[in-house]
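Here the structure comes first, spelled out in C-alpha cells, and everything after it is commentary.
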There are 2 protein chains.
Amino acid sequence: MTDANPTIELMRQHRSIRQYTEDAVPDDDIASAVAAAQCASTSSNVQAYCIIRVRDAATRARLIEVTGGQEKVAKAGAFFLICADSRRHRLLVERAGGRYRGGLEEFLVGVIDASLFAQNLSLAFESQGFGICYIGSVRNDLKEADRLLALPEGVYPLFGLCVGVPDQDPPLRPRLPVEAVLMEERYPADEVMLAAIDQYDEETRSYFRGRSGEDRDWSGPISTRFTKPGRRDLAAYYHAKGADLT
Amino acid sequence: MTDANPTIELMRQHRSIRQYTEDAVPDDDIASAVAAAQCASTSSNVQAYCIIRVRDAATRARLIEVTGGQEKVAKAGAFFLICADSRRHRLLVERAGGRYRGGLEEFLVGVIDASLFAQNLSLAFESQGFGICYIGSVRNDLKEADRLLALPEGVYPLFGLCVGVPDQDPPLRPRLPVEAVLMEERYPADEVMLAAIDQYDEETRSYFRGRSGEDRDWSGPISTRFTKPGRRDLAAYYHAKGADLT
C-alpha cells in the first residue's frame with residue numbers, strides 16, 4: 001500500500017478554477033461523472049441529494065447577481081446547483097398514505113449525503129481534465145435562487161458548482177498542517193493548536209507574498225470573519241421549504 | 001476527455017466494508033491520505049473540520065455500544081471521528097480580543113467542509129487499497145461519544161469512519177438512475193420522479209434477491225423510515241457545544 005497513486009496525486013493538484021474557456025462540458029462526461037459520484041456512501045442508502053443543471057442563459061445571468069457578481073457562474077462550461085433532497089422521500093411516504101416528518105437528523109443526512117456526492121463529482125470532473133469551483137455564495141439569496149429554478153418543497157439548495165475547461169493555472173494553496181487537523185485520541189490544548197496555526201500563518205504569508213505581494217495570513221481574516229454570523233435568513237428559508245432544524 | 005480513468009474506476013468500485021482483517025493501517029498511509037484529503041475545497045479556506053483518531057481499546061469498545069452494536073468500530077484497522085470544527089476560529093477570535101459568533105451558516109459551512117474532506121479521505125484510503133465505512137450511528141449518542149473523547153466547545157462530531165484491510169468482498173449496490181438525481185433546468189414532476197423510482201425498485205429487488213434472497217425494494221423502507229424524525233437530541237447537543245442553528 002503506497003500513496004503514489006493517480007487518485008491521491010489528483011487530489012493534491014486541486015485548486016479552484018475561477019476562469020474557464022468557452023468550451024462546453026459534454027453531456028457524456030457529465031453523465032459519467034454523476035454516475036461515478038453517486039457511488040459515494042449515503043446514509044442507509046437514502047440518497048438524500050439531487051443536482052440541477054442550469055443551462056438557461058437568463059437564469060445564469062441572474063445567478064451572477066445572487067452570488068454577488070461571480071461571472072463564472074454564467075461563463076463556466078456547466079453550472080449546477082447541489083441540493084439536499086427530501087422530496088423523493090416525501091413522495092414515497094405520501095404514496096404509502098403517510099405524512100413525511102423529519103428533524104435536524106434528516107436535514108443533516110441530506111447535507112452530508114449531498115456533500116459526499118459533490119466531492120466525488122468534483123474529483124470525477126477533475127479526473128476528466130476539467131476545473132471546478134464550489135459556489136457557496138448562492139446562499140446569499142436562496143429565495144431568489146429558489147424562485148429562478150422553481151424548487152419544490154423538500155429540496156434544499158446548498159451550494160453551486162462551476163465546471164469547465166480551465167483558462168488559468170493558479171498555484172496550489174497551502175492548508176493547515178496535518179497535526180492541526182488530525183488529532184490523536186484528544187483535541188489538543190489551545191496553546192498547541194495556536195502554535196500550529198502560527199506556523200501556518202507563516203506559510204500563508206509566504207504564499208500570498210509570492211502570488212500577489214499582499215501581506216496576508218490566515219488568522220487575521222478568520223479573527224474578524226467569525227465575530228458576526230453570516231447569512232441570517234438561512235434558517236427561515238429552509239424552514240419555509242419544509243425543513244425542521246429542531 | 002474521457003471517463004476511462006483510474007479515479008472514476010475507483011469511485012465505481014466503492015462499497016462499504018463492514019468486516020476487516022486484523023491488520024493495522026500504517027501511520028504513513030493515514031498521514032498521506034489526510035494531507036491529500038485536506039486539498040478538498042473549503043469555504044473561503046476556513047477549513048472548518050477536524051478528525052480525531054481513536055486508538056484506545058476501552059474507548060473503542062464503548063463506541064460499539066454508542067453505535068448500537070457495530071463491532072467494526074473496534075475491529076477496523078483504524079477508527080476516526082469526523083467533526084465540524086469552529087474551535088480554531090474561536091481561539092483566533094478570542095486571541096484578537098473578540099467574541100466568536102456563528103449561526104446556521106457557520107454550522108453548515110462546518111458540516112459541508114467536513115463532508116468534502118471526509119469523502120476525499122475515504123477515496124484516498126480506497127486508492128491505497130483499504131476499505132471504509134461511514135458510521136452515522138455515532139449520532140445515536142453524541143453526548144456519550146463526546147464524554148469519551150472529552151471534546152471541547154466548538155467541536156461538533158458528525159460521523160465516524162472505519163478504515164482497514166477488507167475481509168469481505170460485497171457486491172456493488174445499485175443507486176438511483178442518473179435521471180432521478182441529475183435534473184435538467186427543473187426538478188421533475190412527481191409522476192416522472194415516481195416512475196424513475198419504480199424502475200429503481202425493480203433493480204433493488206433483483207439486487208437483494210441475488211444477495212440474500214430477500215424481497216426488498218427501495219420505496220418500502222423509505223416510506224416508513226421518514227414518518228418520524230430520528231435522533232431527537234441532536235439540536236440540544238450541538239447547542240450545548242456552542243452551535244447556534246438559527
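In the C-alpha cells, the first chain shown is A, the next is B, and so on; residue numbers restart at 1 for each chain, and ligands run from 1 in the order shown.
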May I have a table of the residues of chain B lying at most 6 Å from chain A, giving each one's closest pair of atoms and their distance in Å to one decimal, counting only C-alpha atoms, ordered by chain and ascending residue number, as CSV?
residue,atom,partner,partner_atom,distance
B:Met1,CA,A:Gln128,CA,5.3
B:Thr2,CA,A:Gln128,CA,5.9
B:Thr7,CA,A:Thr7,CA,5.3
B:Ile8,CA,A:Ala124,CA,5.8
B:Met11,CA,A:Ala36,CA,5.7
B:Arg12,CA,A:Ala36,CA,5.3
B:Ala36,CA,A:Arg12,CA,5.3
B:Cys39,CA,A:Arg12,CA,5.9
B:Cys50,CA,A:Val181,CA,4.7
B:Ile51,CA,A:Leu182,CA,5.0
B:Ile52,CA,A:Met183,CA,4.6
B:Arg53,CA,A:Glu184,CA,5.1
B:Val54,CA,A:Glu185,CA,4.9
B:Leu92,CA,A:Ser223,CA,5.2
B:Val93,CA,A:Ser223,CA,4.1
B:Arg99,CA,A:Thr227,CA,6.0
B:Tyr100,CA,A:Thr227,CA,5.0
B:Arg101,CA,A:Thr227,CA,5.0
B:Gly102,CA,A:Pro229,CA,4.3
B:Gly103,CA,A:Pro229,CA,5.2
B:Ile112,CA,A:Ser115,CA,5.9
B:Ser115,CA,A:Ser115,CA,5.7
B:Leu116,CA,A:Gln119,CA,5.3
B:Gln119,CA,A:Leu116,CA,5.3
B:Ala124,CA,A:Ile8,CA,5.9
B:Gln128,CA,A:Met1,CA,5.3
B:Val181,CA,A:Cys50,CA,4.7
B:Leu182,CA,A:Ile51,CA,5.0
B:Met183,CA,A:Ile52,CA,4.6
B:Glu184,CA,A:Arg53,CA,5.1
B:Glu185,CA,A:Val54,CA,4.9
B:Ser223,CA,A:Val93,CA,4.1
B:Phe226,CA,A:Tyr100,CA,5.7
B:Thr227,CA,A:Arg101,CA,5.0
B:Lys228,CA,A:Arg101,CA,5.0
B:Pro229,CA,A:Gly102,CA,4.3
B:Ala235,CA,A:Thr246,CA,5.6
B:Thr246,CA,A:Ala235,CA,5.6
Discussion item. I'd like to know which residues of stretch 1-235 of chain B are strand (DSSP E or B) (by DSSP, run on the backbone); could you write them as a VMD selection string?
Written reply: chain B and resid 20 49 to 53 78 to 85 131 to 135 155 to 164 166 182 to 184
Resulting file, chosen residues, N, CA, C and O atoms, as a short mmCIF file (atom, residue, chain, number, x, y, z; two decimals), in the first residue's frame:
data_model
loop_
_atom_site.label_atom_id
_atom_site.label_comp_id
_atom_site.auth_asym_id
_atom_site.auth_seq_id
_atom_site.Cartn_x
_atom_site.Cartn_y
_atom_site.Cartn_z
N TYR B 20 -13.20 -6.45 8.56
CA TYR B 20 -11.80 -6.12 8.30
C TYR B 20 -10.90 -7.20 8.87
O TYR B 20 -11.23 -7.86 9.86
N TYR B 49 -13.10 21.86 9.92
CA TYR B 49 -13.26 20.45 10.26
C TYR B 49 -12.03 19.93 10.98
O TYR B 49 -10.95 20.52 10.90
N CYS B 50 -12.20 18.83 11.68
CA CYS B 50 -11.05 18.09 12.22
C CYS B 50 -11.39 16.62 12.26
O CYS B 50 -12.55 16.22 12.08
N ILE B 51 -10.40 15.80 12.47
CA ILE B 51 -10.58 14.35 12.51
C ILE B 51 -9.79 13.81 13.70
O ILE B 51 -8.62 14.14 13.89
N ILE B 52 -10.49 13.04 14.52
CA ILE B 52 -9.85 12.52 15.73
C ILE B 52 -9.67 11.01 15.58
O ILE B 52 -10.63 10.28 15.36
N ARG B 53 -8.43 10.57 15.66
CA ARG B 53 -8.17 9.13 15.59
C ARG B 53 -8.35 8.53 16.98
O ARG B 53 -7.76 9.02 17.95
N ALA B 78 -8.37 1.08 11.70
CA ALA B 78 -8.35 2.43 12.29
C ALA B 78 -9.77 2.95 12.38
O ALA B 78 -10.63 2.59 11.56
N PHE B 79 -10.01 3.77 13.41
CA PHE B 79 -11.31 4.40 13.55
C PHE B 79 -11.12 5.89 13.82
O PHE B 79 -10.27 6.28 14.63
N PHE B 80 -11.91 6.69 13.12
CA PHE B 80 -11.82 8.15 13.24
C PHE B 80 -13.19 8.74 13.53
O PHE B 80 -14.21 8.21 13.08
N LEU B 81 -13.18 9.85 14.24
CA LEU B 81 -14.39 10.65 14.39
C LEU B 81 -14.20 11.93 13.57
O LEU B 81 -13.19 12.62 13.73
N ILE B 82 -15.14 12.20 12.68
CA ILE B 82 -15.06 13.39 11.83
C ILE B 82 -15.96 14.47 12.42
O ILE B 82 -17.12 14.20 12.73
N CYS B 83 -15.40 15.65 12.59
CA CYS B 83 -16.13 16.74 13.27
C CYS B 83 -16.09 18.01 12.44
O CYS B 83 -15.08 18.32 11.80
N ALA B 84 -17.18 18.78 12.51
CA ALA B 84 -17.11 20.18 12.10
C ALA B 84 -16.35 20.90 13.22
O ALA B 84 -16.48 20.56 14.39
N ASP B 85 -15.53 21.88 12.85
CA ASP B 85 -14.63 22.48 13.84
C ASP B 85 -14.71 24.01 13.75
O ASP B 85 -14.24 24.62 12.80
N GLY B 131 -10.46 -0.58 2.79
CA GLY B 131 -11.91 -0.42 2.70
C GLY B 131 -12.35 0.56 3.78
O GLY B 131 -11.65 0.76 4.78
N ILE B 132 -13.51 1.18 3.57
CA ILE B 132 -14.00 2.16 4.54
C ILE B 132 -15.49 1.95 4.80
O ILE B 132 -16.20 1.35 4.00
N CYS B 133 -15.94 2.47 5.95
CA CYS B 133 -17.37 2.51 6.23
C CYS B 133 -17.66 3.75 7.07
O CYS B 133 -17.06 3.93 8.14
N TYR B 134 -18.54 4.60 6.59
CA TYR B 134 -19.01 5.73 7.40
C TYR B 134 -19.89 5.20 8.52
O TYR B 134 -20.67 4.28 8.31
N ILE B 135 -19.78 5.83 9.69
CA ILE B 135 -20.55 5.38 10.85
C ILE B 135 -21.42 6.54 11.35
O ILE B 135 -21.05 7.30 12.25
N VAL B 155 -16.39 22.03 18.85
CA VAL B 155 -16.10 20.86 18.01
C VAL B 155 -17.39 20.04 17.95
O VAL B 155 -17.90 19.62 18.99
N TYR B 156 -17.93 19.84 16.73
CA TYR B 156 -19.22 19.19 16.56
C TYR B 156 -19.06 17.86 15.85
O TYR B 156 -18.91 17.81 14.63
N PRO B 157 -19.11 16.74 16.59
CA PRO B 157 -18.95 15.43 15.94
C PRO B 157 -20.11 15.16 14.98
O PRO B 157 -21.27 15.46 15.29
N LEU B 158 -19.79 14.61 13.80
CA LEU B 158 -20.81 14.37 12.77
C LEU B 158 -20.99 12.89 12.47
O LEU B 158 -22.10 12.39 12.43
N PHE B 159 -19.88 12.18 12.24
CA PHE B 159 -19.95 10.75 11.94
C PHE B 159 -18.58 10.13 12.16
O PHE B 159 -17.57 10.84 12.26
N GLY B 160 -18.56 8.82 12.22
CA GLY B 160 -17.31 8.08 12.35
C GLY B 160 -16.87 7.54 11.01
O GLY B 160 -17.62 7.58 10.03
N LEU B 161 -15.63 7.05 10.97
CA LEU B 161 -15.13 6.41 9.75
C LEU B 161 -14.24 5.23 10.14
O LEU B 161 -13.25 5.39 10.86
N CYS B 162 -14.65 4.03 9.71
CA CYS B 162 -13.82 2.83 9.87
C CYS B 162 -12.95 2.69 8.63
O CYS B 162 -13.43 2.89 7.50
N VAL B 163 -11.70 2.30 8.84
CA VAL B 163 -10.77 2.07 7.73
C VAL B 163 -9.98 0.81 8.04
O VAL B 163 -9.55 0.61 9.19
N GLY B 164 -9.78 -0.03 7.06
CA GLY B 164 -8.97 -1.21 7.30
C GLY B 164 -8.84 -2.07 6.05
O GLY B 164 -9.37 -1.73 4.99
N PRO B 166 -9.89 -4.95 3.87
CA PRO B 166 -11.16 -5.66 3.71
C PRO B 166 -11.02 -7.17 3.98
O PRO B 166 -10.05 -7.79 3.55
N LEU B 182 -29.82 13.77 -11.43
CA LEU B 182 -29.36 14.90 -12.24
C LEU B 182 -30.55 15.47 -13.00
O LEU B 182 -31.14 14.80 -13.86
N MET B 183 -30.95 16.67 -12.62
CA MET B 183 -32.11 17.29 -13.25
C MET B 183 -31.66 18.34 -14.25
O MET B 183 -30.70 19.06 -14.01
N GLU B 184 -32.39 18.44 -15.34
CA GLU B 184 -32.09 19.44 -16.37
C GLU B 184 -33.01 20.64 -16.18
O GLU B 184 -34.21 20.55 -16.43
#
Worksheet item: So what do you get for atom CA of A:Arg18 versus atom CA of A:Ala57, distance-wise?
Response: 18.5 Å
